[in-house]
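What follows is the content of work28.csv, which has CSV, C-alpha atoms and all ligand atoms:
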chain,number,residue,atom,x,y,z
A,13,MET,CA,14.1,0.8,-7.3
A,14,LEU,CA,15.9,2.6,-4.5
A,15,VAL,CA,19.2,1.2,-3.2
A,16,GLY,CA,19.4,1.5,0.6
A,17,ARG,CA,17.6,4.5,2.3
A,18,ARG,CA,15.7,2.2,4.5
A,19,ALA,CA,15.5,4.5,7.5
A,20,GLU,CA,14.5,7.5,5.3
A,21,GLN,CA,11.8,5.5,3.6
A,22,ALA,CA,10.5,4.4,7.0
A,23,ALA,CA,10.4,8.0,8.2
A,24,LEU,CA,8.3,9.1,5.1
A,25,GLU,CA,6.0,6.1,5.4
A,26,GLN,CA,5.4,7.0,9.1
A,27,LEU,CA,4.5,10.5,8.1
A,28,LEU,CA,1.8,9.1,5.8
A,29,ALA,CA,0.5,6.7,8.4
A,30,ARG,CA,0.2,9.5,11.0
A,31,ALA,CA,-1.6,11.7,8.5
A,32,GLN,CA,-4.1,9.0,7.8
A,33,GLY,CA,-4.8,9.0,11.5
A,34,GLY,CA,-5.6,12.7,11.3
A,35,ASP,CA,-2.1,14.1,12.3
A,36,SER,CA,-0.8,16.0,9.3
A,37,GLY,CA,2.9,16.2,8.8
A,38,VAL,CA,5.7,18.1,7.1
A,39,LEU,CA,9.2,17.2,6.2
A,40,VAL,CA,12.0,19.1,4.5
A,41,VAL,CA,14.4,16.7,2.8
A,42,ARG,CA,17.8,18.4,2.5
A,43,GLY,CA,21.0,17.4,0.9
A,44,GLU,CA,23.5,18.2,-1.8
A,45,ALA,CA,22.8,17.9,-5.6
A,46,GLY,CA,22.5,14.3,-6.7
A,47,ILE,CA,22.2,12.9,-3.2
A,48,GLY,CA,18.8,11.3,-4.0
A,49,LYS,CA,16.1,13.8,-2.8
A,50,SER,CA,14.0,13.5,-5.9
A,51,ALA,CA,14.4,9.8,-6.0
A,52,LEU,CA,13.2,9.6,-2.4
A,53,LEU,CA,10.2,11.8,-3.2
A,54,GLN,CA,9.3,9.6,-6.1
A,55,HIS,CA,9.3,6.6,-3.8
A,56,MET,CA,7.0,8.6,-1.4
A,57,ARG,CA,4.6,9.4,-4.2
A,58,GLU,CA,4.2,5.7,-5.0
A,59,THR,CA,3.7,4.8,-1.4
A,60,ALA,CA,1.2,7.5,-1.0
A,61,VAL,CA,-0.9,6.4,-4.0
A,62,ALA,CA,-0.8,2.9,-2.7
A,63,VAL,CA,-2.4,3.9,0.6
A,64,GLY,CA,-5.1,6.0,-1.0
A,65,PHE,CA,-3.6,9.5,-0.9
A,66,GLY,CA,-4.0,12.0,-3.8
A,67,VAL,CA,-0.6,13.4,-4.9
A,68,GLN,CA,-0.1,17.0,-6.0
A,69,ASP,CA,3.3,18.2,-7.4
A,70,ALA,CA,5.1,21.4,-7.7
A,71,ALA,CA,8.7,22.2,-8.3
A,72,GLY,CA,10.9,25.3,-8.2
A,73,VAL,CA,12.2,26.2,-11.5
A,74,GLU,CA,15.4,28.2,-11.8
A,75,ALA,CA,14.1,30.3,-14.7
A,76,GLU,CA,10.9,31.2,-12.8
A,77,ALA,CA,12.4,32.2,-9.5
A,78,GLU,CA,11.5,35.9,-10.3
A,79,PHE,CA,7.8,35.2,-10.9
A,80,ALA,CA,5.8,35.7,-7.8
A,81,PHE,CA,3.5,32.8,-6.9
A,82,ALA,CA,4.5,30.7,-9.9
A,83,GLY,CA,5.4,27.7,-7.8
A,84,LEU,CA,2.3,28.0,-5.6
A,85,HIS,CA,0.1,28.1,-8.7
A,86,GLN,CA,1.5,24.7,-9.8
A,87,LEU,CA,0.5,23.2,-6.5
A,88,CYS,CA,-3.0,24.8,-6.3
A,89,ALA,CA,-4.2,24.7,-9.9
A,90,PRO,CA,-6.3,21.6,-9.7
A,91,PHE,CA,-8.1,22.9,-6.6
A,92,LEU,CA,-8.9,26.4,-7.7
A,93,ALA,CA,-12.5,25.5,-8.7
A,94,ARG,CA,-13.2,25.3,-4.9
A,95,ALA,CA,-12.0,28.8,-4.3
A,96,VAL,CA,-15.5,30.2,-4.7
A,97,GLU,CA,-16.3,28.7,-1.3
A,98,LEU,CA,-13.6,30.7,0.4
A,99,PRO,CA,-14.2,33.9,2.4
A,100,GLU,CA,-14.2,36.9,0.1
A,101,PRO,CA,-10.9,38.5,1.3
A,102,GLN,CA,-9.1,35.1,0.8
A,103,GLN,CA,-10.7,34.7,-2.6
A,104,ALA,CA,-9.6,38.1,-3.7
A,105,ALA,CA,-6.1,37.7,-2.4
A,106,LEU,CA,-5.7,34.4,-4.2
A,107,GLY,CA,-7.3,35.8,-7.4
A,108,VAL,CA,-4.7,38.6,-7.5
A,109,ALA,CA,-1.8,36.2,-6.7
A,110,PHE,CA,-2.7,34.0,-9.6
A,111,GLY,CA,-3.4,36.8,-12.0
A,112,LEU,CA,-7.2,36.3,-12.2
A,113,HIS,CA,-7.9,39.8,-10.9
A,114,GLU,CA,-6.0,43.0,-10.9
A,115,GLY,CA,-5.0,44.5,-7.7
A,116,ALA,CA,-2.2,45.6,-5.4
A,117,ALA,CA,0.2,42.8,-4.2
A,118,PRO,CA,-1.9,40.5,-2.2
A,119,ASP,CA,-1.5,40.0,1.6
A,120,ARG,CA,0.5,36.7,1.8
A,121,PHE,CA,-1.3,35.8,5.1
A,122,LEU,CA,-4.6,35.8,3.3
A,123,VAL,CA,-3.1,33.8,0.4
A,124,GLY,CA,-1.7,31.3,2.9
A,125,LEU,CA,-5.1,30.9,4.6
A,126,ALA,CA,-6.7,30.3,1.3
A,127,VAL,CA,-4.2,27.7,0.2
A,128,LEU,CA,-4.5,25.9,3.6
A,129,SER,CA,-8.3,25.6,3.1
A,130,LEU,CA,-8.0,24.4,-0.5
A,131,LEU,CA,-5.5,21.7,0.5
A,132,ALA,CA,-7.5,20.7,3.5
A,133,GLU,CA,-10.5,20.1,1.4
A,134,ALA,CA,-8.5,17.8,-0.9
A,135,GLY,CA,-7.2,15.5,1.8
A,136,PRO,CA,-5.9,12.9,2.2
A,137,LEU,CA,-3.3,14.6,0.1
A,138,LEU,CA,0.5,14.4,-0.3
A,139,CYS,CA,2.0,17.7,-1.6
A,140,VAL,CA,5.4,17.1,-3.1
A,141,VAL,CA,7.5,20.2,-3.7
A,142,ASP,CA,10.8,19.4,-5.4
A,143,ASP,CA,13.7,21.8,-5.9
A,144,ALA,CA,12.2,24.2,-3.3
A,145,GLN,CA,15.5,26.2,-3.4
A,146,TRP,CA,14.2,27.6,-6.8
A,147,LEU,CA,10.8,28.6,-5.7
A,148,ASP,CA,9.9,32.2,-6.1
A,149,GLN,CA,10.0,33.9,-2.7
A,150,ALA,CA,6.3,34.5,-2.5
A,151,SER,CA,5.5,30.8,-3.1
A,152,ALA,CA,8.2,29.7,-0.6
A,153,GLN,CA,6.8,32.0,2.1
A,154,VAL,CA,3.2,30.9,1.6
A,155,LEU,CA,4.1,27.2,1.4
A,156,ALA,CA,6.2,27.4,4.6
A,157,PHE,CA,3.3,29.2,6.3
A,158,VAL,CA,0.9,26.5,5.2
A,159,ALA,CA,3.4,23.8,6.3
A,160,ARG,CA,3.6,25.3,9.8
A,161,ARG,CA,-0.2,25.2,10.1
A,162,VAL,CA,-1.4,21.9,8.7
A,163,GLY,CA,-3.0,20.0,11.6
A,164,ALA,CA,-5.9,17.5,11.4
A,165,GLU,CA,-6.5,17.9,7.6
A,166,ARG,CA,-4.7,14.7,6.5
A,167,VAL,CA,-2.3,16.7,4.4
A,168,VAL,CA,1.4,15.7,4.1
A,169,MET,CA,3.8,18.2,2.7
A,170,VAL,CA,7.3,17.2,1.7
A,171,PHE,CA,9.9,19.6,0.3
A,172,ALA,CA,13.2,18.8,-1.3
A,173,LEU,CA,15.8,21.5,-0.8
A,174,ARG,CA,19.2,21.4,-2.3
A,175,ASP,CA,22.0,22.4,0.1
A,176,PRO,CA,23.6,24.8,-0.3
A,177,GLY,CA,20.9,26.4,-2.3
A,178,VAL,CA,20.7,29.9,-3.7
A,179,THR,CA,18.4,31.0,-1.0
A,180,ASP,CA,19.6,28.6,1.8
A,181,GLY,CA,15.9,27.9,2.1
A,182,GLU,CA,15.5,30.3,5.0
A,183,ALA,CA,11.7,30.3,4.5
A,184,PHE,CA,11.7,26.6,5.5
A,185,SER,CA,14.0,26.8,8.5
A,186,GLY,CA,12.4,25.5,11.7
A,187,LEU,CA,10.3,22.9,9.9
A,188,PRO,CA,11.2,19.2,10.6
A,189,GLU,CA,14.2,18.1,8.5
A,190,LEU,CA,15.6,15.0,7.0
A,191,ARG,CA,19.2,15.4,6.0
A,192,LEU,CA,20.3,13.0,3.3
A,193,ALA,CA,23.9,11.9,3.6
A,194,GLY,CA,25.8,9.8,1.1
A,195,LEU,CA,25.0,6.1,0.7
A,196,GLY,CA,27.0,3.7,2.8
A,197,ALA,CA,29.9,1.8,1.2
A,198,SER,CA,28.0,-1.4,0.4
A,199,ASP,CA,24.9,0.5,-1.1
A,200,ALA,CA,27.3,2.7,-3.1
A,201,GLN,CA,29.0,-0.4,-4.5
A,202,THR,CA,25.6,-1.9,-5.4
A,203,LEU,CA,24.6,1.3,-7.2
A,204,LEU,CA,27.9,1.6,-9.0
A,205,ALA,CA,27.6,-2.0,-10.2
A,206,THR,CA,24.3,-0.9,-12.0
A,207,ALA,CA,26.2,1.9,-13.8
A,208,VAL,CA,29.3,0.1,-14.9
A,209,ARG,CA,28.8,-3.0,-16.9
A,210,ALA,CA,32.3,-4.2,-17.3
A,211,PRO,CA,33.9,-5.8,-14.3
A,212,LEU,CA,35.9,-3.4,-12.2
A,213,ASP,CA,39.1,-4.0,-10.4
A,214,ASP,CA,38.5,-3.9,-6.7
A,215,VAL,CA,41.0,-1.1,-6.1
A,216,VAL,CA,39.5,1.0,-8.9
A,217,ARG,CA,36.0,0.3,-7.6
A,218,ASP,CA,36.9,1.3,-4.0
A,219,ARG,CA,38.5,4.4,-5.3
A,220,ILE,CA,35.4,5.5,-7.3
A,221,VAL,CA,33.2,4.8,-4.3
A,222,ALA,CA,35.5,6.8,-2.1
A,223,GLU,CA,35.6,9.8,-4.4
A,224,ALA,CA,31.8,9.8,-5.0
A,225,ARG,CA,31.3,9.9,-1.2
A,226,GLY,CA,28.1,8.1,-1.5
A,227,ASN,CA,26.5,10.6,-3.9
A,228,PRO,CA,24.2,8.4,-6.2
A,229,LEU,CA,24.4,10.8,-9.1
A,230,ALA,CA,28.2,10.7,-8.9
A,231,LEU,CA,28.2,6.9,-8.7
A,232,LEU,CA,26.0,6.8,-11.9
A,233,GLU,CA,27.6,9.6,-13.9
A,234,LEU,CA,31.3,9.9,-13.0
A,235,PRO,CA,32.2,6.5,-14.5
A,236,ARG,CA,30.4,7.6,-17.7
A,237,GLY,CA,32.1,10.9,-18.0
A,238,ALA,CA,35.6,9.6,-17.4
A,239,PRO,CA,37.6,8.0,-20.2
A,240,ALA,CA,38.6,4.4,-19.5
A,241,VAL,CA,42.2,5.2,-18.9
A,242,GLN,CA,41.3,7.5,-16.1
A,243,PHE,CA,39.7,4.7,-14.1
A,244,ALA,CA,43.0,3.4,-13.1
A,245,GLY,CA,44.2,6.7,-11.6
A,246,GLY,CA,40.9,8.0,-10.2
A,247,PHE,CA,39.3,11.1,-11.7
A,248,GLU,CA,40.5,14.2,-10.0
A,249,LEU,CA,41.8,14.9,-6.6
A,250,PRO,CA,39.1,14.3,-4.1
A,251,ASP,CA,38.1,17.2,-1.8
A,252,VAL,CA,39.4,19.9,-4.1
A,253,VAL,CA,36.1,20.3,-5.9
A,254,SER,CA,32.8,19.4,-4.4
A,255,VAL,CA,31.1,16.3,-5.7
A,256,PRO,CA,28.1,18.1,-7.3
A,257,ARG,CA,30.4,20.7,-8.8
A,258,ARG,CA,32.4,17.9,-10.4
A,259,ILE,CA,29.3,16.3,-11.8
A,260,GLU,CA,28.1,19.6,-13.1
A,261,ASN,CA,31.4,20.2,-14.7
A,262,GLY,CA,31.1,16.8,-16.4
A,263,PHE,CA,27.7,17.7,-17.8
A,264,GLN,CA,29.1,21.1,-18.9
A,265,ARG,CA,32.0,19.4,-20.7
A,266,ARG,CA,29.6,17.1,-22.5
A,267,ALA,CA,27.4,20.0,-23.5
A,268,ASN,CA,30.3,22.1,-24.7
A,269,SER,CA,31.5,19.3,-27.0
A,270,LEU,CA,28.2,19.5,-29.0
A,271,PRO,CA,27.6,21.4,-32.2
A,272,ALA,CA,26.5,25.0,-31.8
A,273,ASP,CA,22.8,24.4,-32.8
A,274,ALA,CA,22.6,21.5,-30.3
A,275,ARG,CA,24.0,23.7,-27.6
A,276,MET,CA,21.5,26.4,-28.4
A,277,LEU,CA,18.7,23.9,-28.3
A,278,LEU,CA,19.8,22.9,-24.8
A,279,VAL,CA,19.7,26.6,-23.7
A,280,VAL,CA,16.2,26.9,-25.1
A,281,ALA,CA,15.1,23.7,-23.3
A,282,ALA,CA,16.8,24.9,-20.1
A,283,ALA,CA,14.8,28.2,-20.2
A,284,GLU,CA,11.5,26.5,-20.8
A,285,PRO,CA,10.3,25.1,-17.5
A,286,THR,CA,7.3,22.9,-18.4
A,287,GLY,CA,9.1,20.5,-20.8
A,288,ASP,CA,6.5,21.1,-23.5
A,289,ALA,CA,8.1,19.7,-26.6
A,290,ALA,CA,5.7,21.4,-29.1
A,291,LEU,CA,6.5,24.8,-27.5
A,292,LEU,CA,10.2,24.0,-27.6
A,293,TRP,CA,10.1,23.2,-31.3
A,294,ARG,CA,8.3,26.4,-32.1
A,295,ALA,CA,10.9,28.4,-30.2
A,296,ALA,CA,13.7,26.4,-32.0
A,297,ALA,CA,12.1,27.1,-35.4
A,298,GLU,CA,12.1,30.9,-34.6
A,299,LEU,CA,15.9,30.6,-34.0
A,300,GLY,CA,16.5,28.6,-37.1
A,301,ILE,CA,17.4,25.4,-35.3
A,302,ALA,CA,16.4,22.2,-37.1
A,303,ARG,CA,15.1,19.1,-35.3
A,304,GLU,CA,18.2,17.2,-36.2
A,305,ALA,CA,20.0,19.3,-33.6
A,306,ALA,CA,18.4,17.2,-30.9
A,307,ALA,CA,20.2,14.0,-31.9
A,308,PRO,CA,23.7,14.8,-30.6
A,309,ALA,CA,22.3,16.1,-27.3
A,310,GLU,CA,20.3,12.9,-26.8
A,311,ALA,CA,23.3,10.8,-27.8
A,312,ALA,CA,25.4,12.6,-25.2
A,313,GLY,CA,22.8,11.5,-22.6
A,314,LEU,CA,22.0,15.1,-21.6
A,315,LEU,CA,18.3,15.1,-22.4
A,316,GLU,CA,15.5,13.2,-24.0
A,317,PHE,CA,12.8,14.4,-26.4
A,318,ASP,CA,9.5,12.8,-27.0
A,319,PHE,CA,6.3,14.8,-26.4
A,320,ARG,CA,8.1,16.0,-23.2
A,321,VAL,CA,11.6,17.3,-22.9
A,322,ARG,CA,13.4,15.7,-20.0
A,323,PHE,CA,16.9,16.6,-18.8
A,324,ARG,CA,19.0,13.7,-17.6
A,325,HIS,CA,19.1,15.6,-14.2
A,326,PRO,CA,18.4,19.1,-13.0
A,327,LEU,CA,22.2,19.6,-12.8
A,328,VAL,CA,22.2,19.4,-16.6
A,329,ARG,CA,19.6,22.1,-16.9
A,330,SER,CA,21.4,24.4,-14.4
A,331,ALA,CA,24.8,23.7,-16.0
A,332,VAL,CA,23.5,24.6,-19.4
A,333,TYR,CA,21.6,27.6,-18.2
A,334,ARG,CA,24.5,29.0,-16.2
A,335,ALA,CA,27.0,28.4,-19.0
A,336,ALA,CA,24.9,30.4,-21.5
A,337,THR,CA,25.7,34.0,-22.2
A,338,PRO,CA,23.1,36.6,-21.0
A,339,THR,CA,22.3,37.3,-24.7
A,340,ASP,CA,21.6,33.7,-25.4
A,341,ARG,CA,19.4,33.4,-22.3
B,401,LIG,N1,18.9,5.3,-3.3
B,401,LIG,C1,19.0,5.3,-4.6
B,401,LIG,N2,19.0,4.2,-5.3
B,401,LIG,C2,19.1,4.2,-6.6
B,401,LIG,N3,19.3,5.3,-7.4
B,401,LIG,C3,19.3,6.5,-6.7
B,401,LIG,C4,19.2,6.5,-5.3
B,401,LIG,N4,19.3,7.8,-5.0
B,401,LIG,C5,19.4,8.5,-6.1
B,401,LIG,N5,19.4,7.7,-7.2
B,401,LIG,C6,19.6,8.1,-8.6
B,401,LIG,O1,20.7,9.1,-8.6
B,401,LIG,C7,20.4,10.2,-9.4
B,401,LIG,C8,20.4,11.5,-8.6
B,401,LIG,O2,19.4,11.4,-7.6
B,401,LIG,P1,18.3,12.6,-7.5
B,401,LIG,O3,18.0,13.2,-8.8
B,401,LIG,O4,17.2,12.1,-6.6
B,401,LIG,O5,19.2,13.7,-6.7
B,401,LIG,P2,18.7,15.1,-6.0
B,401,LIG,O6,19.1,15.0,-4.6
B,401,LIG,O7,17.2,15.2,-6.3
B,401,LIG,O8,19.6,16.1,-6.7
B,401,LIG,P3,19.2,17.7,-7.1
B,401,LIG,O9,19.5,18.5,-5.9
B,401,LIG,O10,20.1,18.0,-8.2
B,401,LIG,O11,17.8,17.8,-7.5
B,401,LIG,C9,19.1,9.9,-10.0
B,401,LIG,O12,19.3,9.3,-11.3
B,401,LIG,C10,18.4,8.9,-9.1
B,401,LIG,O13,17.5,8.1,-9.7
B,402,MG,MG,16.2,16.6,-7.4

Please lay out the structure from this file as C-alpha cells.
Ligand SMILES: Nc1ncnc2c1ncn2[C@@H]1O[C@H](COP(=O)(O)OP(=O)(O)OP(=O)(O)O)[C@@H](O)[C@H]1O
Ligand SMILES: [Mg+2]
Amino acid sequence: MLVGRRAEQAALEQLLARAQGGDSGVLVVRGEAGIGKSALLQHMRETAVAVGFGVQDAAGVEAEAEFAFAGLHQLCAPFLARAVELPEPQQAALGVAFGLHEGAAPDRFLVGLAVLSLLAEAGPLLCVVDDAQWLDQASAQVLAFVARRVGAERVVMVFALRDPGVTDGEAFSGLPELRLAGLGASDAQTLLATAVRAPLDDVVRDRIVAEARGNPLALLELPRGAPAVQFAGGFELPDVVSVPRRIENGFQRRANSLPADARMLLVVAAAEPTGDAALLWRAAAELGIAREAAAPAEAAGLLEFDFRVRFRHPLVRSAVYRAATPTDR
C-alpha cells in the first residue's frame, strides 16, 4: 500500500483512462534514489491490469549498460512472433538488433518503427521501464523515439529515471515528466511508524523525519541502520551527505560487515541481472562459495533467495557492485 502520493496516482490513472479512449500517453517519473518511483510504477501496473491493460516490463540493469539493445529486448521479447508481419527492412533491422541475424549495426530509426508497430499491435498495453538511467544507449534512444510517436494505439509508456543518473537521461528529455519530491511530514510520519515498532519520542521522530527529507527508503532504512543510542542525537549532520548516498553507505556498511564468502556471493548476485537463483548457485559453486554463505546476507536484510534472487533495493545492488574490486567484478 502506498502512503500518500494521491496526486501522482491520479496523474497515472488519467494517463490510462486517456489511452483507453485512444490517446496514448507517456510519462517519465524522475526523482532521487529511494523516493518511490518503483513503488509508484507498481501501483500503476496493478491499476492497469484492473482496467484491462496488458503490462510489459523492462528495466535498465547497471551491469548490462554496455550491451546494445539489451533493455529493448526485454520489452519486446513477448511480441517478437509478430515481427514476420513487419516490412522487410524493419524486420531485418530488428533481427540484427536482437542478434537473430548477422549484419552491420542496424539503423535505429528502423528498429524504432518496428518496435512501435509491435507495441501498437499489442494494445491496450502499459510498458513499464524502470531504472531507465541504466538502459544501454541504443535501447534508451529507441524507446524515447517510440515514446515520442505513440498516438492512437492505446499504448502507455512510463519510465522511471533516477536523478541524478549516470546518463542524466538526456535521451528522455522533452518527454512529459513527473518529478517525485519527498513525502509530506504527515505521510512521512505514517511511513516511519510502519518501520519502527517501538514508540518513538516526538523529538526523535521529528528529527528522523526532518533528516530523511521525505525519502521513503530513508524513512524505512535509516532507523534500521542506526544503533539505538544514535536515535537520540540523530544520525549524521543533515545536508552534508545526500539522503541516497547516506542510505547507500548504510547498505555498504552492512555488506562490509559480512564474512568474505557472503560478500563475494553478493558481488556475484549484483553482476547477474536476471535474478535466476539456479544460475547464481552454479556461478557460486565455480567460485567455491557454499550455499551457507547466503544466510548472513539474508539476515542482514540485504537480499532474499528463493528461486529468485532479490536485493532489498537497487541501492544494495549498486552499493555492492561499486564497492567490489575490478578483479572481483
Ligand atoms: N508512497 C509510499 N508508501 C509506502 N512505501 C513507499 C512509498 N514510496 C516508496 N516506498 C517504499 O520505499 C522504498 C523505496 O522506494 P522505491 O524503491 O520505489 O524507490 P525508487 O525511487 O524506485 O529508488 P531507485 O532510484 O533506487 O530505484 C521501497 O521499499 C518502497 O516500497
Ligand atoms: Mg526503483

So, counting only C-alpha atoms and all ligand atoms, which residue among A:Phe317, A:Phe121, A:Phe263, A:Phe171 is closest to ligand MG 402 (chain B)? A:Phe171

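Residues of protein or nucleic acid lying within 7 Å of ligand LIG 401 (chain B), counting all atoms listed in the file, are Met13, Leu14, Val15, Gly16, Arg17, Gly43, Glu44, Ala45, Gly46, Ile47, Gly48, Lys49, Ser50, Ala51, Leu52, Asp143, Leu173, Arg174, Leu203, Pro228, Leu229, Leu232, His325, Pro326 and Leu327 of chain A.
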
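By chain and then residue number, the residues within 8 Å of Ala289 in chain A are Phe317, Asp318, Phe319, Arg320 and Val321 of chain A, counting only C-alpha atoms and disregarding those fewer than 5 positions away in sequence.
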
Which is closest to ligand MG 402 (chain B) among A:Arg266, A:Arg303, A:Arg324, A:His85, if we use all atoms listed in the file? A:Arg324

Which residue out of A:Arg42, A:Arg294, A:Arg18, A:Arg225 has the minimum interatomic distance to ligand MG 402 (chain B) when only C-alpha atoms and all ligand atoms are used? A:Arg42

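Nearest residue to ligand MG 402 (chain B) among A:Ala132, A:Ala19, A:Leu39, A:Val140 is A:Val140, counting only C-alpha atoms and all ligand atoms.
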
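In terms of minimum interatomic distance to ligand MG 402 (chain B), A:Ala144 ranks closest within A:Ala144, A:Ala335, A:Ala117, A:Leu92, counting only C-alpha atoms and all ligand atoms.
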
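Between ligand MG 402 (chain B) and the candidates A:Val328, A:Ala224, A:Ala309, A:Ala104, the tightest atom-to-atom separation, counting only C-alpha atoms and all ligand atoms, involves A:Val328.
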
So the first atom is CA of Leu27 in chain A and the second is CA of Asp199 in chain A; what is the distance between them in Å, to one decimal place? 24.5 Å

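Across the model, the gap from CA of Tyr333 in chain A to CA of Ala207 in chain A is 26.5 Å.
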
Name the residues in contact with Val170 in chain A at a cut-off of 12 Å, using all atoms listed in the file, excluding same-chain residues fewer than 6 positions from it; report them as a ChimeraX atom specification. /A:23-25,27-28,36-42,49-50,52-54,56-57,60,67-71,137-144,155-156,158-159,184,187-190

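Put simply, CA of Glu133 in chain A is 24.9 Å away from CA of Asp148 in chain A.
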
Near-Ala200 in chain A list (7 Å; all atoms listed in the file; drop same-chain fewer than 5 positions) as an mmCIF file with C-alpha atoms, in the frame of the given file:
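Output file around.cif follows:
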data_model
loop_
_atom_site.group_PDB
_atom_site.id
_atom_site.type_symbol
_atom_site.label_atom_id
_atom_site.label_comp_id
_atom_site.auth_asym_id
_atom_site.auth_seq_id
_atom_site.Cartn_x
_atom_site.Cartn_y
_atom_site.Cartn_z
ATOM 1 C CA LEU A 195 25.000 6.100 0.700
ATOM 2 C CA VAL A 221 33.200 4.800 -4.300
ATOM 3 C CA GLY A 226 28.100 8.100 -1.500
#

Extract, using only C-alpha atoms, all DNA, RNA and protein residues at most 12 Å from Glu304 in chain A, discarding same-chain residues fewer than 3 positions from it, and format them as a VMD selection string. chain A and resid 271 273 to 274 277 293 296 to 297 300 to 301 307 to 311 317

Need the shell around Arg94 in chain A: protein/DNA/RNA residues with any atom at most 7 Å away, counting only C-alpha atoms. Skip same-chain ones fewer than 3 positions apart. Format as a VMD selection string? chain A and resid 91 97 130
